Amino acid sequence: IAAKDEASDELAALKLRAKLQEQYRGEDGFAIAEELIAQGKFAAGGNGILAFLESHPDHLDTQDLMRRATNAFQQSGNLDKALWLQGEIMKKFPEHRGGDLHLLAMLEKRMKKHDDAMRHFNESVELASTDQDRMSRLLSRAELVHERDGDSAGLEAYREVERLARAAGIELADDAG
């Protein structure tokens with residue numbers, strides 16, 4: 001009897017999953033996925049957004065939805081999937097490469113992929129379109145230097161950012177306090 005109940009439960013779960021996948025593929029499927037994210041069901045919501053986009057690859061909000069799914073995967077702890085999706089965003093929307101490289105580097109930093117993160121921070125700094133963006137990216141890079149190479153190297157990196165910010169006439173948030 002227990003085996004029969006277990007098989008019945010599995011069948012019900014499969015049917016529910018199939019129905020949910022069908023709903024994700026509908027016109028408002030992303031809204032269902034976002035509701036799951038709002039409930040803290042991050043992985044399910046992220047996967048729901050991907051299922052929606054699979055059926056609606058040319059949706060007007062594709063880039064935003066891909067970013068929301070990436071964030072959901074990060075919040076769920078599925079950093080590998082978030083990293084993969086960030087790469088897909090960069091392929092599909094190359095016009096935002098500088099900012100996307102910065103996001104990629106932040107994720108790699110969180111994953112302790114320090115060499116990849118450093119390379120991507122450096123490239124994102126070179127692609128910054130404003131001094132403010134450049135300083136923000138350099139600060140993120142300095143955090144990585146501090147984490148990877150220790151206090152002395154980190155302090156040196158932060159001081160370099162301060163020097164560059166002053167030269168560009170930018171007041172860093174820490175300077176204002």
# chains A, B, ... in the order shown; residues from 1 in each chain; ligands from 1
>>> closest_atom_pairs(of="segment 72-160 of chain A", to="segment 39-53 of chain A", cutoff="7 Å", atoms="only C-alpha atoms", output="tab-separated table")
residue	atom	partner	partner_atom	distance
A:Ala72	CA	A:Phe42	CA	4.8
A:Phe73	CA	A:Ala43	CA	5.6
A:Gln75	CA	A:Phe42	CA	6.4
A:Ser76	CA	A:Phe42	CA	5.3
>>> write_last_selection(atoms="all heavy atoms", output="PDB file, in the first residue's frame")
ATOM      1  N   ALA A  72      17.481  35.419  -9.387  1.00  0.00           N
ATOM      2  CA  ALA A  72      16.773  34.352  -8.660  1.00  0.00           C
ATOM      3  C   ALA A  72      17.696  33.157  -8.426  1.00  0.00           C
ATOM      4  O   ALA A  72      17.714  32.583  -7.341  1.00  0.00           O
ATOM      5  CB  ALA A  72      15.522  33.926  -9.433  1.00  0.00           C
ATOM      6  N   PHE A  73      18.458  32.791  -9.447  1.00  0.00           N
ATOM      7  CA  PHE A  73      19.380  31.668  -9.285  1.00  0.00           C
ATOM      8  C   PHE A  73      20.467  32.000  -8.263  1.00  0.00           C
ATOM      9  O   PHE A  73      20.862  31.146  -7.471  1.00  0.00           O
ATOM     10  CB  PHE A  73      19.987  31.240 -10.617  1.00  0.00           C
ATOM     11  CG  PHE A  73      18.981  30.616 -11.547  1.00  0.00           C
ATOM     12  CD1 PHE A  73      18.816  31.078 -12.831  1.00  0.00           C
ATOM     13  CD2 PHE A  73      18.184  29.561 -11.124  1.00  0.00           C
ATOM     14  CE1 PHE A  73      17.880  30.512 -13.684  1.00  0.00           C
ATOM     15  CE2 PHE A  73      17.246  28.977 -11.956  1.00  0.00           C
ATOM     16  CZ  PHE A  73      17.087  29.460 -13.244  1.00  0.00           C
ATOM     17  N   GLN A  75      20.073  33.982  -5.696  1.00  0.00           N
ATOM     18  CA  GLN A  75      19.422  33.927  -4.393  1.00  0.00           C
ATOM     19  C   GLN A  75      19.152  32.492  -3.958  1.00  0.00           C
ATOM     20  O   GLN A  75      19.133  32.208  -2.759  1.00  0.00           O
ATOM     21  CB  GLN A  75      18.128  34.738  -4.412  1.00  0.00           C
ATOM     22  CG  GLN A  75      18.384  36.227  -4.458  1.00  0.00           C
ATOM     23  CD  GLN A  75      17.111  37.031  -4.441  1.00  0.00           C
ATOM     24  OE1 GLN A  75      16.406  37.111  -5.426  1.00  0.00           O
ATOM     25  NE2 GLN A  75      16.824  37.624  -3.301  1.00  0.00           N
ATOM     26  N   SER A  76      18.960  31.603  -4.916  1.00  0.00           N
ATOM     27  CA  SER A  76      18.718  30.199  -4.572  1.00  0.00           C
ATOM     28  C   SER A  76      20.017  29.469  -4.240  1.00  0.00           C
ATOM     29  O   SER A  76      19.987  28.341  -3.763  1.00  0.00           O
ATOM     30  CB  SER A  76      18.008  29.470  -5.722  1.00  0.00           C
ATOM     31  OG  SER A  76      18.908  29.168  -6.776  1.00  0.00           O
TER      32      SER A  76
END
>>> residues_around(residues="Thr70 of chain A", least_positions_apart="4", cutoff="8 Å", atoms="only C-alpha atoms", output="PyMOL selection string")
chain A and resi 46+66+74+81-83+85-86
>>> residues_around(residues="segment 166-170 of chain A", least_positions_apart="4", cutoff="10 Å", atoms="only C-alpha atoms", output="list in words")
Asp131, Gln132, Met135, Glu160, Val161, Glu162 and Asp175 of chain A
>>> write_last_selection(atoms="N, CA and C atoms", output="PDB file, in the first residue's frame")
ATOM      1  N   ASP A 131      33.088  58.438 -15.953  1.00  0.00           N
ATOM      2  CA  ASP A 131      34.047  58.361 -14.850  1.00  0.00           C
ATOM      3  C   ASP A 131      33.411  57.727 -13.616  1.00  0.00           C
ATOM      4  N   GLN A 132      32.128  58.022 -13.386  1.00  0.00           N
ATOM      5  CA  GLN A 132      31.432  57.457 -12.233  1.00  0.00           C
ATOM      6  C   GLN A 132      31.368  55.925 -12.342  1.00  0.00           C
ATOM      7  N   MET A 135      34.840  54.499 -11.665  1.00  0.00           N
ATOM      8  CA  MET A 135      35.199  54.487 -10.242  1.00  0.00           C
ATOM      9  C   MET A 135      34.450  53.372  -9.504  1.00  0.00           C
ATOM     10  N   GLU A 160      44.433  53.925  -4.626  1.00  0.00           N
ATOM     11  CA  GLU A 160      44.542  54.236  -6.050  1.00  0.00           C
ATOM     12  C   GLU A 160      43.198  54.709  -6.599  1.00  0.00           C
ATOM     13  N   VAL A 161      42.123  54.074  -6.182  1.00  0.00           N
ATOM     14  CA  VAL A 161      40.789  54.497  -6.624  1.00  0.00           C
ATOM     15  C   VAL A 161      40.491  55.903  -6.106  1.00  0.00           C
ATOM     16  N   GLU A 162      40.827  56.172  -4.850  1.00  0.00           N
ATOM     17  CA  GLU A 162      40.625  57.514  -4.294  1.00  0.00           C
ATOM     18  C   GLU A 162      41.393  58.558  -5.093  1.00  0.00           C
ATOM     19  N   ASP A 175      34.164  59.122   1.123  1.00  0.00           N
ATOM     20  CA  ASP A 175      34.759  60.427   1.392  1.00  0.00           C
ATOM     21  C   ASP A 175      33.732  61.397   1.985  1.00  0.00           C
TER      22      ASP A 175
END
>>> closest_residue(among="A:Asp133, A:Glu95, A:Glu123, A:Asp80", to="Met111 of chain A", atoms="only C-alpha atoms")
A:Asp80
>>> select_by_dssp(residues="segment 35-152 of chain A", states="alpha helix (DSSP H)", output="PyMOL selection string")
chain A and resi 35-38+42-55+62-76+79-92+97-110+114-126+131-149+151-152
>>> residues_around(residues="Ala142 of chain A", least_positions_apart="4", cutoff="7 Å", atoms="only C-alpha atoms", output="MDAnalysis selection string")
chainID A and resid 138 146 154 157:158
>>> write_last_selection(atoms="N, CA, C and O atoms", output="PDB file, in the first residue's frame")
ATOM      1  N   LEU A 138      36.135  50.200 -10.400  1.00  0.00           N
ATOM      2  CA  LEU A 138      37.447  50.124  -9.752  1.00  0.00           C
ATOM      3  C   LEU A 138      37.308  49.802  -8.261  1.00  0.00           C
ATOM      4  O   LEU A 138      38.145  49.082  -7.699  1.00  0.00           O
ATOM      5  N   HIS A 146      41.545  43.173  -2.245  1.00  0.00           N
ATOM      6  CA  HIS A 146      41.600  43.040  -0.790  1.00  0.00           C
ATOM      7  C   HIS A 146      41.290  41.598  -0.375  1.00  0.00           C
ATOM      8  O   HIS A 146      42.005  40.999   0.437  1.00  0.00           O
ATOM      9  N   GLY A 154      44.964  45.425  -0.663  1.00  0.00           N
ATOM     10  CA  GLY A 154      43.636  46.028  -0.748  1.00  0.00           C
ATOM     11  C   GLY A 154      43.667  47.507  -0.445  1.00  0.00           C
ATOM     12  O   GLY A 154      43.061  48.313  -1.158  1.00  0.00           O
ATOM     13  N   ALA A 157      45.036  49.340  -3.337  1.00  0.00           N
ATOM     14  CA  ALA A 157      44.058  49.419  -4.427  1.00  0.00           C
ATOM     15  C   ALA A 157      42.987  50.473  -4.124  1.00  0.00           C
ATOM     16  O   ALA A 157      42.610  51.248  -5.009  1.00  0.00           O
ATOM     17  N   TYR A 158      42.508  50.527  -2.873  1.00  0.00           N
ATOM     18  CA  TYR A 158      41.518  51.538  -2.496  1.00  0.00           C
ATOM     19  C   TYR A 158      42.105  52.947  -2.625  1.00  0.00           C
ATOM     20  O   TYR A 158      41.425  53.865  -3.100  1.00  0.00           O
TER      21      TYR A 158
END
>>> atom_distance(atom1="atom CA of Arg67 of chain A", atom2="atom CA of Ala165 of chain A")
29.4 Å
>>> atom_distance(atom1="atom CA of Arg148 of chain A", atom2="atom CA of Glu126 of chain A")
21.2 Å
>>> atom_distance(atom1="atom CA of Leu155 of chain A", atom2="atom CA of Ala128 of chain A")
22.9 Å
>>> residues_around(residues="Leu101 of chain A", least_positions_apart="4", cutoff="8 Å", atoms="only C-alpha atoms", output="number ranges by chain")
A: 97, 105, 120-121, 123-124
>>> write_last_selection(atoms="N, CA, C and O atoms", output="PDB file, in the first residue's frame")
ATOM      1  N   ARG A  97      28.002  45.250 -22.874  1.00  0.00           N
ATOM      2  CA  ARG A  97      29.130  44.423 -22.450  1.00  0.00           C
ATOM      3  C   ARG A  97      29.844  44.948 -21.194  1.00  0.00           C
ATOM      4  O   ARG A  97      30.143  44.179 -20.290  1.00  0.00           O
ATOM      5  N   ALA A 105      31.797  39.642 -13.240  1.00  0.00           N
ATOM      6  CA  ALA A 105      32.933  39.642 -12.317  1.00  0.00           C
ATOM      7  C   ALA A 105      32.472  39.587 -10.860  1.00  0.00           C
ATOM      8  O   ALA A 105      33.080  38.892 -10.036  1.00  0.00           O
ATOM      9  N   HIS A 120      37.707  40.094 -15.765  1.00  0.00           N
ATOM     10  CA  HIS A 120      36.458  40.732 -16.183  1.00  0.00           C
ATOM     11  C   HIS A 120      36.269  42.114 -15.555  1.00  0.00           C
ATOM     12  O   HIS A 120      35.732  43.021 -16.204  1.00  0.00           O
ATOM     13  N   PHE A 121      36.734  42.305 -14.311  1.00  0.00           N
ATOM     14  CA  PHE A 121      36.706  43.651 -13.733  1.00  0.00           C
ATOM     15  C   PHE A 121      37.559  44.593 -14.577  1.00  0.00           C
ATOM     16  O   PHE A 121      37.143  45.702 -14.895  1.00  0.00           O
ATOM     17  N   GLU A 123      38.427  44.428 -17.715  1.00  0.00           N
ATOM     18  CA  GLU A 123      37.808  44.727 -19.002  1.00  0.00           C
ATOM     19  C   GLU A 123      36.608  45.661 -18.822  1.00  0.00           C
ATOM     20  O   GLU A 123      36.397  46.574 -19.625  1.00  0.00           O
ATOM     21  N   SER A 124      35.840  45.458 -17.760  1.00  0.00           N
ATOM     22  CA  SER A 124      34.676  46.323 -17.535  1.00  0.00           C
ATOM     23  C   SER A 124      35.111  47.757 -17.235  1.00  0.00           C
ATOM     24  O   SER A 124      34.443  48.706 -17.651  1.00  0.00           O
TER      25      SER A 124
END
